[in-house]
Amino acid sequence: AITYYLAKVFGVKPLIRAMPLVCNVMFTIATFIFAKTLFNNRWLVALATVLTPASINTTMAIFAGLYANWTAYTLGFLSFSLILRSEKKIYLLPLGILLFFATAGTHPYQWAVMMVVLTLYTMMQLGNIIKKKRANKLFIACLVTILTTSAFTAFILLNFKDVRRVLYSYGRRLPVSFYRRLGNFNYFNEQWWESMFLFTYNYGIGAFINLPAHVLSTLGFLRYKFKYDKLLIAWLMAISALTFIIPYNRYMYALPFHLYLALGVYFVFTLFMKFDHGIALIVVLSLTLVQLNYAIRYVLWTSRTLF
């Protein structure tokens with residue numbers, strides 16, 4: 001709706017040209033704030049911020065015009081930042097919840113994924129709570145956010161028939177898609193992997209075919225630990241679960257690849273730091289330029305192919 005009114009005021013062409021830049025700047029700023037909260041490490045914050053404009057999430061959004069998804073990412077990151085910070089500053093929680101509502105209004109699917117992520121993350125905290133026999137402030141903040149958002153969602157569904165109709169339609173289609181996929185081929189066999197690779201390559205004309213990014217992301221995710229690491233674990237779990245349900249690969253866009261990539265680059269940086277600081281910086285710069293190269297090549301190739 002916002003894009004529609006902006007197009008009426010400024011025109012369609014100027015808006016289309018400006019939206020990628022505006023969304024990318026907002027996404028980068030939101031990533032900086034979220035990474036600062038998430039990692040509490042200046043190198044990781046810097047890497048996550050620098051890698052954002054060249055990330056898979058950015059190039060994919062430019063290609064597909066996923067402005068709503070992009071904006072929802074921004075709002076979701078800001079919301080999560082405030083929710084996590086409310087552990088020490090509880091007055092930030094209401095604003096975090098409001099931004100979470102705004103995420104739902106911007107893109108319900110992106111919000112739904114984040115809702116699942118937050119729920120999983122909250123459940124992961126139960127172990128410490130049972131062990132200490134006391135709920136911490138972060139758990140309470142997450143739980144309040146989930147309950148408030150659930151109540152808000154229930155209110156919308158009860159009072160708006162069109163929203164309820166769309167949800168009912170998706171509720172019927174997803175189980176059917178799941179059973180259809182389950183019946184057509186067994187999971188993790190050769191046919192399943194071939195289909196996954198085909199879907200992955202075709203979605204966004206190969207946007208996700210970035211082997212260095214995937215290798216680095218995996219390394220960083222497995223090796224580096226931080227205070228809120230369970231949040232990224234929950235995010236990966238949520239997206240992995242969608243692999244078995246959604247019949248197409250758009251769900252992969254809901255994973256913040258650049259955060260995992262930053263962890264991987266930082267892991268490589270710490271390895272080379274043991275030998276020489278200068279070499280470590282050169283390696284980090286090289287890895288960053290590789291990602292920039294992937295981003296530029298993808299944008300140029302898709303532009304040439306499509307237009």
# chains A, B, ... in the order shown; residues from 1 in each chain; ligands from 1
call {"tool": "residues_around", "arguments": {"residues": "segment 16-30 of chain A", "least_positions_apart": "2", "cutoff": "12 Å", "atoms": "only C-alpha atoms", "output": "number ranges by chain"}}
result
A: 2-4, 6-7, 10-14, 32-38, 45-55, 57-82, 256, 258-259
call {"tool": "closest_residue", "arguments": {"among": "A:Ala135, A:Ser217, A:Tyr298, A:Leu92", "to": "Ala262 of chain A", "atoms": "only C-alpha atoms"}}
result
A:Ser217
call {"tool": "atom_distance", "arguments": {"atom1": "atom CA of Gln291 of chain A", "atom2": "atom CA of Gly278 of chain A"}}
result
20.4 Å
call {"tool": "closest_residue", "arguments": {"among": "A:Ile209, A:Ala254, A:Asn159, A:Thr149", "to": "Ala104 of chain A", "atoms": "only C-alpha atoms"}}
result
A:Thr149
call {"tool": "atom_distance", "arguments": {"atom1": "atom CA of Val283 of chain A", "atom2": "atom CA of Phe269 of chain A"}}
result
7.1 Å
call {"tool": "atom_distance", "arguments": {"atom1": "atom CA of Ala238 of chain A", "atom2": "atom CA of Gly220 of chain A"}}
result
18.7 Å
call {"tool": "closest_residue", "arguments": {"among": "A:Leu281, A:Ala141, A:Ile239, A:Leu261", "to": "Gly96 of chain A", "atoms": "only C-alpha atoms"}}
result
A:Ala141
call {"tool": "residues_around", "arguments": {"residues": "Phe139 of chain A", "least_positions_apart": "5", "cutoff": "12 Å", "atoms": "only C-alpha atoms", "output": "VMD selection string"}}
result
chain A and resid 83 to 87 90 118 to 130 134 144 to 146
